[in-house]
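Enquirer: So here's model04.tsv, just TSV, C-alpha atoms and all ligand atoms:
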```
chain	number	residue	atom	x	y	z
A	1	HIS	CA	171.73	146.51	71.07
A	2	GLU	CA	169.94	143.15	71.15
A	3	ALA	CA	166.74	144.89	72.36
A	4	ASP	CA	166.99	147.37	69.46
A	5	ALA	CA	167.39	144.51	67.01
A	6	MET	CA	164.20	142.99	68.42
A	7	ARG	CA	162.36	146.31	68.10
A	8	THR	CA	163.38	146.88	64.47
A	9	ASP	CA	163.16	143.27	63.30
A	10	LEU	CA	159.37	143.12	63.57
A	11	MET	CA	157.93	139.67	62.87
A	12	THR	CA	154.44	140.72	61.83
A	13	LEU	CA	151.71	138.18	61.09
A	14	THR	CA	151.87	139.15	57.42
A	15	ARG	CA	155.64	138.58	57.28
A	16	TYR	CA	155.28	135.30	59.20
A	17	VAL	CA	152.66	133.96	56.78
A	18	LEU	CA	154.71	135.11	53.76
A	19	ASN	CA	157.73	133.26	55.21
A	20	GLU	CA	155.55	130.16	55.54
A	21	GLN	CA	154.26	130.61	51.99
A	22	SER	CA	157.80	130.88	50.61
A	23	LYS	CA	158.45	127.38	51.98
A	24	HIS	CA	155.83	126.07	49.53
A	25	PRO	CA	156.89	127.29	46.05
A	26	GLU	CA	153.77	125.72	44.58
A	27	SER	CA	151.52	127.87	46.72
A	28	THR	CA	149.42	130.49	44.94
A	29	GLY	CA	149.38	132.96	47.83
A	30	ASP	CA	145.61	132.52	48.15
A	31	TYR	CA	145.86	131.49	51.81
A	32	THR	CA	147.98	134.56	52.57
A	33	ILE	CA	145.34	136.79	51.02
A	34	LEU	CA	142.51	134.99	52.83
A	35	LEU	CA	144.30	135.41	56.15
A	36	ALA	CA	144.87	139.11	55.50
A	37	HIS	CA	141.09	139.53	55.19
A	38	ILE	CA	140.41	137.56	58.38
A	39	VAL	CA	142.94	139.79	60.14
A	40	LEU	CA	141.16	142.88	58.80
A	41	GLY	CA	137.92	141.61	60.35
A	42	CYS	CA	139.67	140.99	63.67
A	43	LYS	CA	141.18	144.48	63.72
A	44	PHE	CA	137.77	146.01	63.05
A	45	VAL	CA	136.05	144.00	65.78
A	46	CYS	CA	138.90	144.76	68.21
A	47	SER	CA	138.42	148.47	67.60
A	48	ALA	CA	134.61	148.24	67.90
A	49	VAL	CA	134.75	146.10	71.07
A	50	ASN	CA	137.18	148.53	72.70
A	51	LYS	CA	134.80	151.40	71.97
A	52	ALA	CA	131.62	149.39	72.67
A	53	GLY	CA	131.04	150.82	76.14
A	54	LEU	CA	131.48	154.33	74.82
A	55	ALA	CA	129.66	154.09	71.53
A	56	SER	CA	126.60	152.64	73.33
A	57	LEU	CA	127.02	149.68	71.02
A	58	VAL	CA	126.21	147.42	73.96
A	59	GLY	CA	122.65	146.42	74.62
A	60	LEU	CA	120.21	144.53	72.49
A	61	ALA	CA	119.75	145.01	68.78
A	62	GLY	CA	116.16	143.86	69.36
A	63	ASP	CA	116.48	140.87	67.03
A	64	THR	CA	117.27	137.36	68.14
A	65	ASN	CA	119.82	135.22	66.27
A	66	ILE	CA	119.11	131.68	65.09
A	67	GLN	CA	120.27	130.39	68.46
A	68	GLY	CA	117.26	132.15	69.97
A	69	GLU	CA	119.62	134.34	71.96
A	70	GLU	CA	119.01	138.08	72.15
A	71	GLN	CA	121.31	139.48	69.51
A	72	LYS	CA	123.52	142.31	70.61
A	73	LYS	CA	124.55	145.03	68.19
A	74	MET	CA	128.17	143.85	68.34
A	75	ASP	CA	127.16	140.40	67.12
A	76	VAL	CA	125.40	141.88	64.10
A	77	LEU	CA	128.26	144.26	63.34
A	78	SER	CA	130.99	141.62	63.70
A	79	ASN	CA	129.14	139.11	61.56
A	80	GLU	CA	128.57	141.62	58.77
A	81	VAL	CA	132.20	142.73	58.82
A	82	PHE	CA	133.55	139.19	58.58
A	83	VAL	CA	131.12	138.11	55.86
A	84	LYS	CA	131.96	141.18	53.75
A	85	ALA	CA	135.72	140.85	54.35
A	86	LEU	CA	135.69	137.14	53.46
A	87	VAL	CA	133.55	137.56	50.33
A	88	SER	CA	135.65	140.53	49.13
A	89	SER	CA	138.83	138.44	49.52
A	90	HIS	CA	137.75	136.50	46.38
A	91	ARG	CA	139.24	133.45	48.11
A	92	THR	CA	136.14	131.87	49.69
A	93	CYS	CA	133.26	129.78	48.36
A	94	ILE	CA	131.24	128.76	51.46
A	95	LEU	CA	130.86	130.62	54.76
A	96	VAL	CA	129.23	129.25	57.93
A	97	SER	CA	128.60	131.73	60.73
A	98	GLU	CA	127.16	131.14	64.20
A	99	GLU	CA	124.93	134.12	63.49
A	100	ASP	CA	123.40	132.85	60.23
A	101	GLU	CA	120.94	129.96	60.03
A	102	GLU	CA	122.00	129.00	56.49
A	103	ALA	CA	125.48	128.69	54.99
A	104	THR	CA	126.48	131.47	52.57
A	105	PHE	CA	127.42	130.27	49.06
A	106	VAL	CA	129.58	133.02	47.58
A	107	ASP	CA	128.64	134.43	44.16
A	108	PRO	CA	130.43	132.21	41.58
A	109	ALA	CA	132.13	135.26	40.10
A	110	LEU	CA	133.80	135.97	43.45
A	111	ARG	CA	134.65	132.42	44.54
A	112	GLY	CA	137.96	130.98	45.82
A	113	ARG	CA	138.94	127.57	47.18
A	114	TYR	CA	138.43	128.15	50.92
A	115	CYS	CA	135.44	127.50	53.20
A	116	VAL	CA	135.48	129.48	56.44
A	117	VAL	CA	133.42	128.47	59.47
A	118	PHE	CA	133.38	131.07	62.23
A	119	ASP	CA	131.81	132.51	65.32
A	120	PRO	CA	132.31	136.24	64.80
A	121	LEU	CA	131.89	137.15	68.45
A	122	ASP	CA	131.87	134.15	70.77
A	123	GLY	CA	130.93	134.80	74.37
A	124	SER	CA	129.12	137.98	73.41
A	125	SER	CA	126.81	137.69	76.45
A	126	ASN	CA	129.92	138.81	78.37
A	127	ILE	CA	130.37	142.09	76.47
A	128	ASP	CA	128.50	144.27	78.94
A	129	CYS	CA	130.65	143.23	81.91
A	130	GLY	CA	133.98	143.56	80.11
A	131	VAL	CA	134.98	139.88	80.11
A	132	SER	CA	137.27	138.89	77.22
A	133	ILE	CA	135.42	137.64	74.12
A	134	GLY	CA	136.66	136.48	70.75
A	135	THR	CA	136.35	135.46	67.13
A	136	ILE	CA	136.86	131.74	66.41
A	137	PHE	CA	137.46	130.42	62.87
A	138	GLY	CA	138.30	127.24	60.98
A	139	ILE	CA	139.31	126.88	57.31
A	140	TYR	CA	138.63	124.00	54.88
A	141	MET	CA	139.80	123.88	51.26
A	142	VAL	CA	137.77	122.57	48.27
A	143	ASP	CA	139.18	121.13	45.04
A	144	ASP	CA	136.88	122.99	42.66
A	145	PRO	CA	135.02	126.13	43.78
A	146	ASN	CA	132.59	125.64	40.89
A	147	ASN	CA	131.56	122.22	42.10
A	148	ILE	CA	130.70	122.70	45.78
A	149	SER	CA	127.97	121.58	48.18
A	150	LEU	CA	127.19	121.78	51.88
A	151	ASN	CA	129.18	118.54	52.28
A	152	ASP	CA	132.34	120.58	51.82
A	153	VAL	CA	131.77	122.06	55.29
A	154	LEU	CA	130.28	118.92	56.90
A	155	GLN	CA	133.79	117.51	57.14
A	156	PRO	CA	135.69	116.17	60.17
A	157	GLY	CA	137.83	118.81	61.87
A	158	LYS	CA	140.98	116.87	60.98
A	159	ASN	CA	140.41	118.03	57.37
A	160	MET	CA	140.82	121.69	58.31
A	161	VAL	CA	143.88	123.37	56.77
A	162	ALA	CA	143.97	126.09	59.45
A	163	ALA	CA	142.19	127.34	62.56
A	164	GLY	CA	142.53	130.17	65.01
A	165	TYR	CA	140.94	132.67	67.35
A	166	CYS	CA	141.32	136.33	68.14
A	167	MET	CA	140.77	137.28	71.77
A	168	TYR	CA	139.56	140.81	72.55
A	169	GLY	CA	140.76	141.35	76.10
A	170	SER	CA	143.35	143.50	77.87
A	171	SER	CA	145.25	143.08	74.59
A	172	CYS	CA	144.13	141.78	71.22
A	173	THR	CA	145.78	138.39	70.70
A	174	LEU	CA	145.44	136.24	67.58
A	175	VAL	CA	146.39	132.55	67.93
A	176	LEU	CA	146.74	130.63	64.68
A	177	SER	CA	147.81	127.26	63.32
A	178	SER	CA	148.18	126.66	59.58
A	179	GLY	CA	148.77	122.97	60.24
A	180	ASN	CA	152.26	122.88	61.68
A	181	GLY	CA	152.67	124.52	65.06
A	182	VAL	CA	150.69	127.18	66.88
A	183	ASN	CA	151.73	130.83	67.07
A	184	GLY	CA	150.37	133.81	68.99
A	185	PHE	CA	150.39	137.39	67.71
A	186	THR	CA	149.53	140.54	69.66
A	187	LEU	CA	148.07	143.63	68.00
A	188	ASP	CA	150.23	146.73	68.30
A	189	PRO	CA	147.49	149.35	67.94
A	190	SER	CA	150.06	152.07	67.13
A	191	LEU	CA	151.15	150.08	64.06
A	192	GLY	CA	147.87	148.29	63.33
A	193	GLU	CA	150.00	145.14	62.98
A	194	PHE	CA	149.87	141.79	64.75
A	195	ILE	CA	153.38	141.07	66.11
A	196	LEU	CA	154.64	137.55	66.91
A	197	THR	CA	154.66	137.35	70.72
A	198	HIS	CA	154.07	133.64	71.41
A	199	PRO	CA	156.17	131.60	68.94
A	200	ASP	CA	155.57	127.85	68.72
A	201	ILE	CA	153.09	127.48	71.63
A	202	LYS	CA	153.22	124.05	73.33
A	203	ILE	CA	150.63	123.09	75.95
A	204	PRO	CA	152.15	121.61	79.15
A	205	PRO	CA	151.63	117.81	79.23
A	206	LYS	CA	149.80	118.09	82.56
A	207	GLY	CA	148.16	121.06	84.27
A	208	LYS	CA	146.90	122.17	87.69
A	209	ILE	CA	143.62	123.69	86.49
A	210	TYR	CA	140.25	122.27	85.54
A	211	SER	CA	137.69	124.47	83.79
A	212	VAL	CA	133.98	123.57	83.80
A	213	ASN	CA	130.65	125.16	84.70
A	214	GLU	CA	130.08	123.50	88.09
A	215	GLY	CA	126.53	124.86	88.01
A	216	ASN	CA	125.62	121.97	85.67
A	217	ALA	CA	127.04	119.31	88.05
A	218	LYS	CA	123.70	117.70	88.87
A	219	ASN	CA	123.17	116.87	85.18
A	220	TRP	CA	126.60	115.38	84.43
A	221	ASP	CA	127.13	111.74	83.43
A	222	ASN	CA	129.22	109.47	85.67
A	223	PRO	CA	132.65	109.71	84.01
A	224	THR	CA	132.58	113.54	84.08
A	225	ALA	CA	131.28	113.56	87.67
A	226	LYS	CA	134.01	111.10	88.71
A	227	TYR	CA	136.70	113.09	86.92
A	228	VAL	CA	135.71	116.39	88.55
A	229	GLU	CA	135.55	114.61	91.92
A	230	LYS	CA	139.17	113.45	91.36
A	231	CYS	CA	140.16	117.06	90.57
A	232	LYS	CA	138.68	118.23	93.89
A	233	TYR	CA	139.53	115.27	96.16
A	234	PRO	CA	142.59	113.64	94.60
A	235	THR	CA	144.18	110.59	96.26
A	236	ASP	CA	147.57	111.18	94.67
A	237	GLY	CA	148.42	114.85	95.07
A	238	PRO	CA	147.03	118.36	95.62
A	239	PRO	CA	143.59	119.36	94.28
A	240	LYS	CA	143.41	121.20	90.96
A	241	SER	CA	142.28	124.85	90.87
A	242	LEU	CA	138.97	125.70	89.19
A	243	ARG	CA	139.14	128.52	86.66
A	244	TYR	CA	136.00	129.14	84.56
A	245	ILE	CA	135.49	132.41	82.70
A	246	GLY	CA	132.47	131.36	80.66
A	247	SER	CA	133.94	132.75	77.46
A	248	MET	CA	135.44	129.91	75.41
A	249	VAL	CA	138.24	131.94	73.81
A	250	ALA	CA	139.46	133.13	77.24
A	251	ASP	CA	139.17	129.68	78.85
A	252	ILE	CA	140.98	128.01	75.94
A	253	HIS	CA	143.72	130.67	75.74
A	254	ARG	CA	144.51	130.10	79.44
A	255	THR	CA	144.42	126.31	78.94
A	256	LEU	CA	146.77	126.54	75.95
A	257	LEU	CA	149.32	128.67	77.81
A	258	TYR	CA	149.06	127.28	81.37
A	259	GLY	CA	147.86	123.71	80.71
A	260	GLY	CA	144.99	121.88	82.39
A	261	ILE	CA	141.64	120.70	81.04
A	262	PHE	CA	138.51	122.44	79.75
A	263	LEU	CA	135.24	120.52	79.87
A	264	TYR	CA	131.87	121.22	78.33
A	265	PRO	CA	130.14	117.88	78.95
A	266	ALA	CA	126.83	116.59	77.70
A	267	ASP	CA	124.12	116.64	80.29
A	268	GLN	CA	120.51	115.51	80.55
A	269	LYS	CA	119.33	118.94	79.33
A	270	ASN	CA	121.76	119.05	76.38
A	271	PRO	CA	122.64	115.46	75.33
A	272	ASN	CA	125.10	116.92	72.78
A	273	GLY	CA	126.51	119.52	75.12
A	274	LYS	CA	126.28	123.20	74.25
A	275	LEU	CA	129.32	124.05	72.11
A	276	ARG	CA	129.05	124.05	68.32
A	277	VAL	CA	131.14	121.54	66.38
A	278	LEU	CA	132.20	123.55	63.32
A	279	TYR	CA	133.15	126.92	64.80
A	280	GLU	CA	133.87	126.21	68.48
A	281	VAL	CA	134.87	122.56	69.05
A	282	PHE	CA	136.86	121.96	65.84
A	283	PRO	CA	139.01	125.12	65.75
A	284	MET	CA	139.90	124.85	69.47
A	285	SER	CA	140.56	121.09	69.18
A	286	PHE	CA	142.74	121.71	66.11
A	287	LEU	CA	144.84	124.28	68.01
A	288	ILE	CA	145.11	122.18	71.18
A	289	GLU	CA	146.26	119.11	69.19
A	290	LYS	CA	148.79	121.14	67.16
A	291	ALA	CA	150.15	122.44	70.48
A	292	GLY	CA	150.59	118.86	71.75
A	293	GLY	CA	147.32	118.37	73.66
A	294	GLN	CA	144.22	116.20	73.17
A	295	ALA	CA	140.55	116.85	72.38
A	296	PHE	CA	137.85	114.23	73.09
A	297	THR	CA	134.05	114.18	72.75
A	298	GLY	CA	133.39	111.54	75.44
A	299	LYS	CA	133.28	108.91	72.69
A	300	ILE	CA	135.89	109.72	69.99
A	301	ARG	CA	138.72	112.11	69.12
A	302	ALA	CA	136.97	115.44	68.58
A	303	LEU	CA	138.57	116.08	65.17
A	304	ASP	CA	137.25	112.74	63.85
A	305	LEU	CA	133.63	113.81	64.39
A	306	ILE	CA	131.50	114.31	61.25
A	307	PRO	CA	128.94	117.09	61.89
A	308	GLU	CA	125.35	116.22	60.91
A	309	HIS	CA	124.47	119.86	60.19
A	310	ILE	CA	126.28	123.18	60.24
A	311	HIS	CA	125.12	124.14	63.77
A	312	ALA	CA	125.57	120.67	65.30
A	313	ARG	CA	126.73	120.57	68.92
A	314	SER	CA	129.10	118.15	70.70
A	315	PRO	CA	130.42	117.62	74.21
A	316	VAL	CA	134.15	118.41	74.36
A	317	PHE	CA	137.02	117.75	76.78
A	318	LEU	CA	140.29	119.29	75.72
A	319	GLY	CA	143.68	120.40	77.06
A	320	SER	CA	146.84	118.82	78.45
A	321	CYS	CA	147.52	115.31	77.16
A	322	ASP	CA	147.78	113.59	80.54
A	323	ASP	CA	144.71	115.32	81.99
A	324	VAL	CA	142.49	114.38	79.02
A	325	GLU	CA	143.94	110.86	79.09
A	326	GLU	CA	142.74	110.45	82.71
A	327	LEU	CA	139.23	111.50	81.69
A	328	LYS	CA	139.28	109.17	78.66
A	329	GLU	CA	140.11	106.23	80.98
A	330	LEU	CA	136.99	106.97	83.02
A	331	TYR	CA	134.84	107.01	79.86
A	332	ALA	CA	136.46	103.76	78.69
A	333	ALA	CA	135.79	102.14	82.08
A	334	GLU	CA	132.14	103.24	81.91
A	335	LYS	CA	131.86	101.74	78.42
A	336	ALA	CA	133.48	98.49	79.58
A	337	ASN	CA	131.03	98.19	82.46
A	338	ALA	CA	128.02	99.04	80.27
B	1	LIG	P1	127.84	128.25	80.05
B	1	LIG	C1	129.48	131.61	75.47
B	1	LIG	O1	128.10	131.83	75.41
B	1	LIG	C2	129.74	130.15	75.09
B	1	LIG	O2	129.23	129.87	73.82
B	1	LIG	C3	131.24	129.86	75.15
B	1	LIG	O3	131.99	130.98	74.81
B	1	LIG	C4	131.44	129.45	76.59
B	1	LIG	O4	132.51	128.54	76.76
B	1	LIG	C5	130.11	128.76	76.93
B	1	LIG	O5	129.13	129.30	76.05
B	1	LIG	C6	129.71	129.02	78.35
B	1	LIG	O6	128.51	128.29	78.58
B	1	LIG	O7	126.69	127.29	79.90
B	1	LIG	O8	128.89	127.70	80.99
B	1	LIG	O9	127.46	129.67	80.36
```
Turn the structure described in the file into structure tokens.
Expert:
Amino acid sequence: HEADAMRTDLMTLTRYVLNEQSKHPESTGDYTILLAHIVLGCKFVCSAVNKAGLASLVGLAGDTNIQGEEQKKMDVLSNEVFVKALVSSHRTCILVSEEDEEATFVDPALRGRYCVVFDPLDGSSNIDCGVSIGTIFGIYMVDDPNNISLNDVLQPGKNMVAAGYCMYGSSCTLVLSSGNGVNGFTLDPSLGEFILTHPDIKIPPKGKIYSVNEGNAKNWDNPTAKYVEKCKYPTDGPPKSLRYIGSMVADIHRTLLYGGIFLYPADQKNPNGKLRVLYEVFPMSFLIEKAGGQAFTGKIRALDLIPEHIHARSPVFLGSCDDVEELKELYAAEKANA
């Protein structure tokens, strides 16, 4: 009987967000509507990604995006779908996409109070080999949509009102925080609904996994090199396992659920690391902190960073509290000896 109750009492993402909204009588419902449009984009991309191999959507679109990477058709498609969904929600005023060099200022007639920064298809170089990829997004709110500037999205990540990702893998999983707690929803394709499957996610305080691209080891700075050395040759316990997928959404999803630490350090080639502040570092740091973990840039708390421009990069170390704390001590020691 209990199982039946579970099956008929479906906690969909829509219902969950409406429940949250009802806790704030003053709320206008704008956030609920915005989220519904983000979810629409995720469902579309999920469907397209699942058919990609068949619909010969894989392969190059011929163009290159502003990152100078060869743009794949899926990137173009996903970006267009999210931009159109967000503009048509009438709840956004500024959009920043990994695929577009300039920010999009929404037509004043269609504006709302939210700014959305997103990577429509992060890890897209992995599409052809079937590795999980994902959409990453962060949401800021402005006071007056008619009085906006680029500064409204050059804000520290701690000012975000929400952040999340949708992972397109063996299942389609959307992980979201609207500021209090982190929840995971899995798409039931037969219903076309995201169902609550991971309520109130908490990251373990310490993990057994470290996640970094060891191929960059020769370029790492001392604290990172020392930390990874400790992971491999610990003096106080068993070595950690290395798990690195090379698709941020997949690496972070595992870190969130299993614990451990994810590192994308600076190196001599990329003094600011590789990952983008607004739509990779901030949303993932926001989620990790709301789940009880830490996110650090090598100098400061990641969410305190103020991006210089919309495609700014930053090193990032994030995951279980105790693991990140150990790495922070090595950076502090380096600073003290400097
Ligand atoms: P590397 C994918 O291209 C991406 O932007 C992230 O999804 C991923 O974490 C990172 O780059 C992987 O970078 O240099 O290890 O291949």
Enquirer: Just the residues within 8 Å of stretch 304-321 of chain A, please, counting only C-alpha atoms, with nothing from its chain fewer than 4 positions along; format it as a VMD selection string.
Expert: chain A and resid 96 98 103 153 to 158 203 to 207 255 to 256 259 to 266 272 to 278 281 285 288 292 to 298 300 325
Enquirer: Out of A:Phe194, A:Phe105, A:Tyr165, A:Tyr258, which residue has the shortest atom-to-atom distance to ligand LIG 1 (chain B) when counting only C-alpha atoms and all ligand atoms?
Expert: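 For ligand LIG 1 (chain B), the nearest of the candidates is A:Tyr165.
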Enquirer: Which residue, A:Asp30, A:Val87, A:Asp128, A:Glu101, has the smallest gap to A:Lys73 when you use all atoms listed in the file?
Expert: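 Going through A:Asp30, A:Val87, A:Asp128, A:Glu101 one by one, the smallest distance to A:Lys73 is for A:Asp128.
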Enquirer: Quick one: pull the distance between atom CA of A:Asp188 and atom CA of A:Val116, Å, one decimal.
Expert: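 Here the two named atoms are 25.6 Å from each other.
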Enquirer: Would you mind listing what lies within 7 Å of A:Asp122 as a list in words, with all atoms listed in the file counted and same-chain residues fewer than 3 positions away left out?
Expert: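 That gives Asp119, Ile133, Gly134 and Thr135 of chain A.
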Enquirer: Would you name the residues within 6 Å of ligand LIG 1 (chain B), counting all atoms listed in the file, and put them as a ChimeraX atom specification?
Expert: /A:122-123,213,246-248
